[in-house]
Amino acid sequence: MSDTAPFPSVFVSHGAPTLILETSAGRDFLAGLGRKLGRPSAILAVSAHWTTRVPAVSGATAPETIHDFYGFPDELYRMRYAAPGAPALAARVAEITGAVVDPSQGLDHGAWVPLMLMYPEADIPVAQLSVMPHRSAADHIALGRLLEPLRRDGVLILASGGAVHNLREFRFGGNSAAPWATGFAGWLDRTLEAGDADAVGNWLDASPDARRAHPTDEHFLPLPVALGAAGPRPKTERLHAGFEHGSLGMHAYAFTSAQIEAGADAEADAA
């Protein structure tokens with residue numbers, strides 16, 4: 001990454017909790033993503049697994065590793081991601097968004113699983129932001145836009161959910177996907193490439209098989225936050241695509257602001 005350009009905001013699909021134990025294309029992608037992005041000053045993780053009625057941000061100084069799943073191998077429960085917290089970042093997020101600071105919220109597996117693969121040294125401060133399933137994707141885009149200034153200060157906004165997330169049709173080990181799943185993922189690719197934030201904000205009506213791809217909203221909502229954080233003229237780079245266990249879309253995207261990044265490039269050329 002350029003030293004002058006802001007960090008992109010990034011959406012990743014975190015898959016099943018066992019992703020970190022498996023050999024898969026999704027795991028390999030996340031294991032290389034930290035090197036691709038570079039080292040941020042801090043990370044704001046937006047996870048599908050912390051849901052609240054109003055925006056909330058974690059202000060813990062040493063966030064615990066939350067094992068918010070059941071019936072998995074013992075090795076998974078022994079894992080810890082001991083990154084420092086980012087209370088100053090949390091305070092700034094609260095200031096610019098009106099979010100409530102939760103001083104004790106730790107990192108759920110939507111945050112720590114991808115972070116353990118991306119930045120295994122666990123030495124970058126992390127705060128976590130919630131999503132609100134009772135609010136629309138358009139509301140989450142608006143929330144993301146409030147976060148845009150953080151990117152210019154070297155903060156990585158890492159949104160973690162699922163491009164397609166239907167546990168009702170989960171097939172362990174299945175890497176092929178049904179037409180309804182690939183259809184929704186294709187719509188998402190095209191919509192993001194076009195920078196159509198309005199369609200993302202209205203995804204339930206604008207996309208094919210939306211409710212089959214996402215029987216509930218929470219795994220989609222981190223994506224509009226990341227999209228919003230790229231500003232009103234988002235530019236999308238698809239970082240990864242694929243399916244795991246039949247019904248988990250593992251697509252990932254980086255979002256930048258066409259206007260801001262173009263200005264940074266111009267400054268760099270002039271220098």
# chains A, B, ... in the order shown; residues from 1 in each chain; ligands from 1
>>> closest_atom_pairs(of="stretch 132-154 of chain A", to="stretch 197-206 of chain A", cutoff="12 Å", atoms="only C-alpha atoms", output="JSON lines")
{"residue": "A:Arg135", "atom": "CA", "partner": "A:Gly201", "partner_atom": "CA", "distance": 10.8}
{"residue": "A:Ser136", "atom": "CA", "partner": "A:Gly201", "partner_atom": "CA", "distance": 7.1}
{"residue": "A:Ala137", "atom": "CA", "partner": "A:Gly201", "partner_atom": "CA", "distance": 4.6}
{"residue": "A:Ala138", "atom": "CA", "partner": "A:Gly201", "partner_atom": "CA", "distance": 4.0}
{"residue": "A:Asp139", "atom": "CA", "partner": "A:Gly201", "partner_atom": "CA", "distance": 7.7}
{"residue": "A:His140", "atom": "CA", "partner": "A:Gly201", "partner_atom": "CA", "distance": 8.1}
{"residue": "A:Ile141", "atom": "CA", "partner": "A:Gly201", "partner_atom": "CA", "distance": 7.0}
{"residue": "A:Ala142", "atom": "CA", "partner": "A:Gly201", "partner_atom": "CA", "distance": 9.5}
{"residue": "A:Leu143", "atom": "CA", "partner": "A:Gly201", "partner_atom": "CA", "distance": 11.9}
{"residue": "A:Gly144", "atom": "CA", "partner": "A:Ala197", "partner_atom": "CA", "distance": 11.6}
{"residue": "A:Arg145", "atom": "CA", "partner": "A:Ala197", "partner_atom": "CA", "distance": 11.4}
>>> closest_atom_pairs(of="stretch 35-152 of chain A", to="stretch 11-22 of chain A", cutoff="8 Å", atoms="only C-alpha atoms", output="tab-separated table")
residue	atom	partner	partner_atom	distance
A:Phe69	CA	A:Pro17	CA	7.6
A:Phe72	CA	A:Thr18	CA	7.5
A:Leu76	CA	A:Thr18	CA	7.3
A:His109	CA	A:Pro17	CA	6.8
A:Gly110	CA	A:His14	CA	6.2
A:Val113	CA	A:Ile20	CA	6.5
A:Pro114	CA	A:His14	CA	6.3
A:Leu117	CA	A:Ile20	CA	7.3
>>> residues_around(residues="A:Leu129", least_positions_apart="4", cutoff="6 Å", atoms="only C-alpha atoms", output="ChimeraX atom specification")
/A:46,56-57
>>> write_last_selection(atoms="N, CA and C atoms", output="short mmCIF file (atom, residue, chain, number, x, y, z; two decimals), in the first residue's frame")
data_model
loop_
_atom_site.label_atom_id
_atom_site.label_comp_id
_atom_site.auth_asym_id
_atom_site.auth_seq_id
_atom_site.Cartn_x
_atom_site.Cartn_y
_atom_site.Cartn_z
N VAL A 46 -15.93 -4.89 12.53
CA VAL A 46 -17.40 -4.82 12.52
C VAL A 46 -17.89 -6.25 12.29
N ALA A 56 -22.91 0.24 19.10
CA ALA A 56 -22.07 0.06 20.28
C ALA A 56 -20.66 -0.25 19.83
N VAL A 57 -19.68 0.24 20.59
CA VAL A 57 -18.27 0.03 20.28
C VAL A 57 -17.56 -0.42 21.54
#
>>> select_by_dssp(residues="stretch 18-208 of chain A", states="helix (DSSP H, G or I)", output="ChimeraX atom specification")
/A:18-21,25-37,74-78,87-97,109-118,137-152,167-169,179-193,197-201,203-206
>>> residues_around(residues="stretch 92-104 of chain A", least_positions_apart="3", cutoff="7 Å", atoms="only C-alpha atoms", output="list in words")
Pro55, Ala56, Val57, Ser58, Gly59, Ala60, Ala88, Leu89, Leu143 and Leu146 of chain A
>>> write_last_selection(atoms="C-alpha atoms", output="mmCIF file, in the first residue's frame")
data_model
loop_
_atom_site.group_PDB
_atom_site.id
_atom_site.type_symbol
_atom_site.label_atom_id
_atom_site.label_comp_id
_atom_site.auth_asym_id
_atom_site.auth_seq_id
_atom_site.Cartn_x
_atom_site.Cartn_y
_atom_site.Cartn_z
ATOM 1 C CA PRO A 55 -24.561 1.293 17.695
ATOM 2 C CA ALA A 56 -22.071 0.064 20.278
ATOM 3 C CA VAL A 57 -18.274 0.027 20.277
ATOM 4 C CA SER A 58 -15.970 -1.931 22.552
ATOM 5 C CA GLY A 59 -13.691 0.126 24.768
ATOM 6 C CA ALA A 60 -11.951 -2.777 26.536
ATOM 7 C CA ALA A 88 -8.965 5.827 22.230
ATOM 8 C CA LEU A 89 -10.299 4.578 18.902
ATOM 9 C CA LEU A 143 -23.059 4.566 9.762
ATOM 10 C CA LEU A 146 -19.384 8.521 9.476
#
>>> residues_around(residues="A:Leu44", least_positions_apart="6", cutoff="7 Å", atoms="only C-alpha atoms", output="ChimeraX atom specification")
/A:126-129,156-158
>>> select_by_dssp(residues="stretch 55-173 of chain A", states="strand (DSSP E or B)", output="MDAnalysis selection string")
chainID A and resid 56:58 65 85 100:102 107 126:131 155:161 164:165
>>> write_last_selection(atoms="N, CA, C and O atoms", output="JSON list (two decimals), in the first residue's frame")
[["chain", "number", "residue", "atom", "x", "y", "z"],
["A", 56, "ALA", "N", -22.91, 0.24, 19.10],
["A", 56, "ALA", "CA", -22.07, 0.06, 20.28],
["A", 56, "ALA", "C", -20.66, -0.25, 19.83],
["A", 56, "ALA", "O", -20.44, -0.92, 18.81],
["A", 57, "VAL", "N", -19.68, 0.24, 20.59],
["A", 57, "VAL", "CA", -18.27, 0.03, 20.28],
["A", 57, "VAL", "C", -17.56, -0.42, 21.54],
["A", 57, "VAL", "O", -17.86, 0.05, 22.64],
["A", 58, "SER", "N", -16.65, -1.37, 21.39],
["A", 58, "SER", "CA", -15.97, -1.93, 22.55],
["A", 58, "SER", "C", -14.80, -1.05, 22.96],
["A", 58, "SER", "O", -13.95, -0.71, 22.16],
["A", 65, "THR", "N", -11.10, -13.10, 24.28],
["A", 65, "THR", "CA", -11.44, -13.90, 23.11],
["A", 65, "THR", "C", -12.73, -14.65, 23.43],
["A", 65, "THR", "O", -12.75, -15.51, 24.31],
["A", 85, "GLY", "N", -6.58, -3.74, 23.35],
["A", 85, "GLY", "CA", -7.76, -2.99, 22.96],
["A", 85, "GLY", "C", -7.38, -1.62, 22.41],
["A", 85, "GLY", "O", -6.20, -1.24, 22.39],
["A", 100, "VAL", "N", -22.58, 3.86, 21.69],
["A", 100, "VAL", "CA", -22.37, 3.65, 23.12],
["A", 100, "VAL", "C", -21.08, 2.85, 23.31],
["A", 100, "VAL", "O", -20.86, 1.85, 22.61],
["A", 101, "VAL", "N", -20.23, 3.27, 24.22],
["A", 101, "VAL", "CA", -19.00, 2.53, 24.51],
["A", 101, "VAL", "C", -19.30, 1.44, 25.53],
["A", 101, "VAL", "O", -19.80, 1.72, 26.62],
["A", 102, "ASP", "N", -18.99, 0.20, 25.18],
["A", 102, "ASP", "CA", -19.10, -0.93, 26.09],
["A", 102, "ASP", "C", -17.70, -1.25, 26.58],
["A", 102, "ASP", "O", -16.85, -1.71, 25.82],
["A", 107, "LEU", "N", -13.76, -9.80, 21.79],
["A", 107, "LEU", "CA", -13.75, -10.06, 20.35],
["A", 107, "LEU", "C", -14.45, -11.40, 20.11],
["A", 107, "LEU", "O", -13.98, -12.45, 20.56],
["A", 126, "VAL", "N", -7.23, -3.29, 18.75],
["A", 126, "VAL", "CA", -8.50, -3.63, 18.10],
["A", 126, "VAL", "C", -9.67, -3.15, 18.96],
["A", 126, "VAL", "O", -9.71, -3.39, 20.17],
["A", 127, "ALA", "N", -10.60, -2.49, 18.31],
["A", 127, "ALA", "CA", -11.92, -2.22, 18.89],
["A", 127, "ALA", "C", -12.95, -2.90, 18.00],
["A", 127, "ALA", "O", -12.68, -3.20, 16.83],
["A", 128, "GLN", "N", -14.14, -3.14, 18.53],
["A", 128, "GLN", "CA", -15.17, -3.81, 17.75],
["A", 128, "GLN", "C", -16.44, -2.97, 17.75],
["A", 128, "GLN", "O", -16.80, -2.37, 18.77],
["A", 129, "LEU", "N", -17.10, -2.93, 16.59],
["A", 129, "LEU", "CA", -18.35, -2.20, 16.41],
["A", 129, "LEU", "C", -19.47, -3.19, 16.12],
["A", 129, "LEU", "O", -19.28, -4.14, 15.37],
["A", 130, "SER", "N", -20.63, -2.94, 16.68],
["A", 130, "SER", "CA", -21.77, -3.85, 16.51],
["A", 130, "SER", "C", -22.53, -3.55, 15.21],
["A", 130, "SER", "O", -22.34, -2.52, 14.56],
["A", 131, "VAL", "N", -23.41, -4.48, 14.85],
["A", 131, "VAL", "CA", -24.40, -4.25, 13.81],
["A", 131, "VAL", "C", -25.78, -4.33, 14.44],
["A", 131, "VAL", "O", -25.95, -4.85, 15.55],
["A", 155, "VAL", "N", -6.45, 3.65, 10.10],
["A", 155, "VAL", "CA", -7.27, 2.62, 10.75],
["A", 155, "VAL", "C", -7.85, 1.69, 9.68],
["A", 155, "VAL", "O", -8.37, 2.15, 8.66],
["A", 156, "LEU", "N", -7.74, 0.40, 9.91],
["A", 156, "LEU", "CA", -8.37, -0.60, 9.05],
["A", 156, "LEU", "C", -9.77, -0.89, 9.58],
["A", 156, "LEU", "O", -9.93, -1.36, 10.71],
["A", 157, "ILE", "N", -10.78, -0.58, 8.78],
["A", 157, "ILE", "CA", -12.15, -0.95, 9.09],
["A", 157, "ILE", "C", -12.37, -2.32, 8.47],
["A", 157, "ILE", "O", -12.41, -2.46, 7.24],
["A", 158, "LEU", "N", -12.44, -3.34, 9.31],
["A", 158, "LEU", "CA", -12.55, -4.72, 8.87],
["A", 158, "LEU", "C", -13.94, -5.24, 9.20],
["A", 158, "LEU", "O", -14.24, -5.55, 10.36],
["A", 159, "ALA", "N", -14.79, -5.31, 8.20],
["A", 159, "ALA", "CA", -16.15, -5.82, 8.37],
["A", 159, "ALA", "C", -16.15, -7.32, 8.10],
["A", 159, "ALA", "O", -15.61, -7.77, 7.09],
["A", 160, "SER", "N", -16.75, -8.08, 8.98],
["A", 160, "SER", "CA", -16.68, -9.54, 8.92],
["A", 160, "SER", "C", -18.08, -10.14, 9.02],
["A", 160, "SER", "O", -18.76, -9.97, 10.03],
["A", 161, "GLY", "N", -18.50, -10.82, 7.95],
["A", 161, "GLY", "CA", -19.81, -11.45, 7.92],
["A", 161, "GLY", "C", -19.80, -12.62, 6.95],
["A", 161, "GLY", "O", -18.96, -13.51, 7.05],
["A", 164, "VAL", "N", -22.66, -14.96, 1.40],
["A", 164, "VAL", "CA", -23.85, -15.81, 1.45],
["A", 164, "VAL", "C", -23.75, -16.58, 2.76],
["A", 164, "VAL", "O", -22.69, -17.11, 3.09],
["A", 165, "HIS", "N", -24.84, -16.65, 3.50],
["A", 165, "HIS", "CA", -24.78, -17.28, 4.83],
["A", 165, "HIS", "C", -26.12, -17.93, 5.14],
["A", 165, "HIS", "O", -27.02, -17.31, 5.70]]
>>> closest_residue(among="A:Ala226, A:Ala45, A:Met250, A:Val54", to="A:Ala163", atoms="only C-alpha atoms")
A:Met250
>>> closest_residue(among="A:Val225, A:Leu37, A:Met116, A:Ala122", to="A:Pro8", atoms="only C-alpha atoms")
A:Leu37
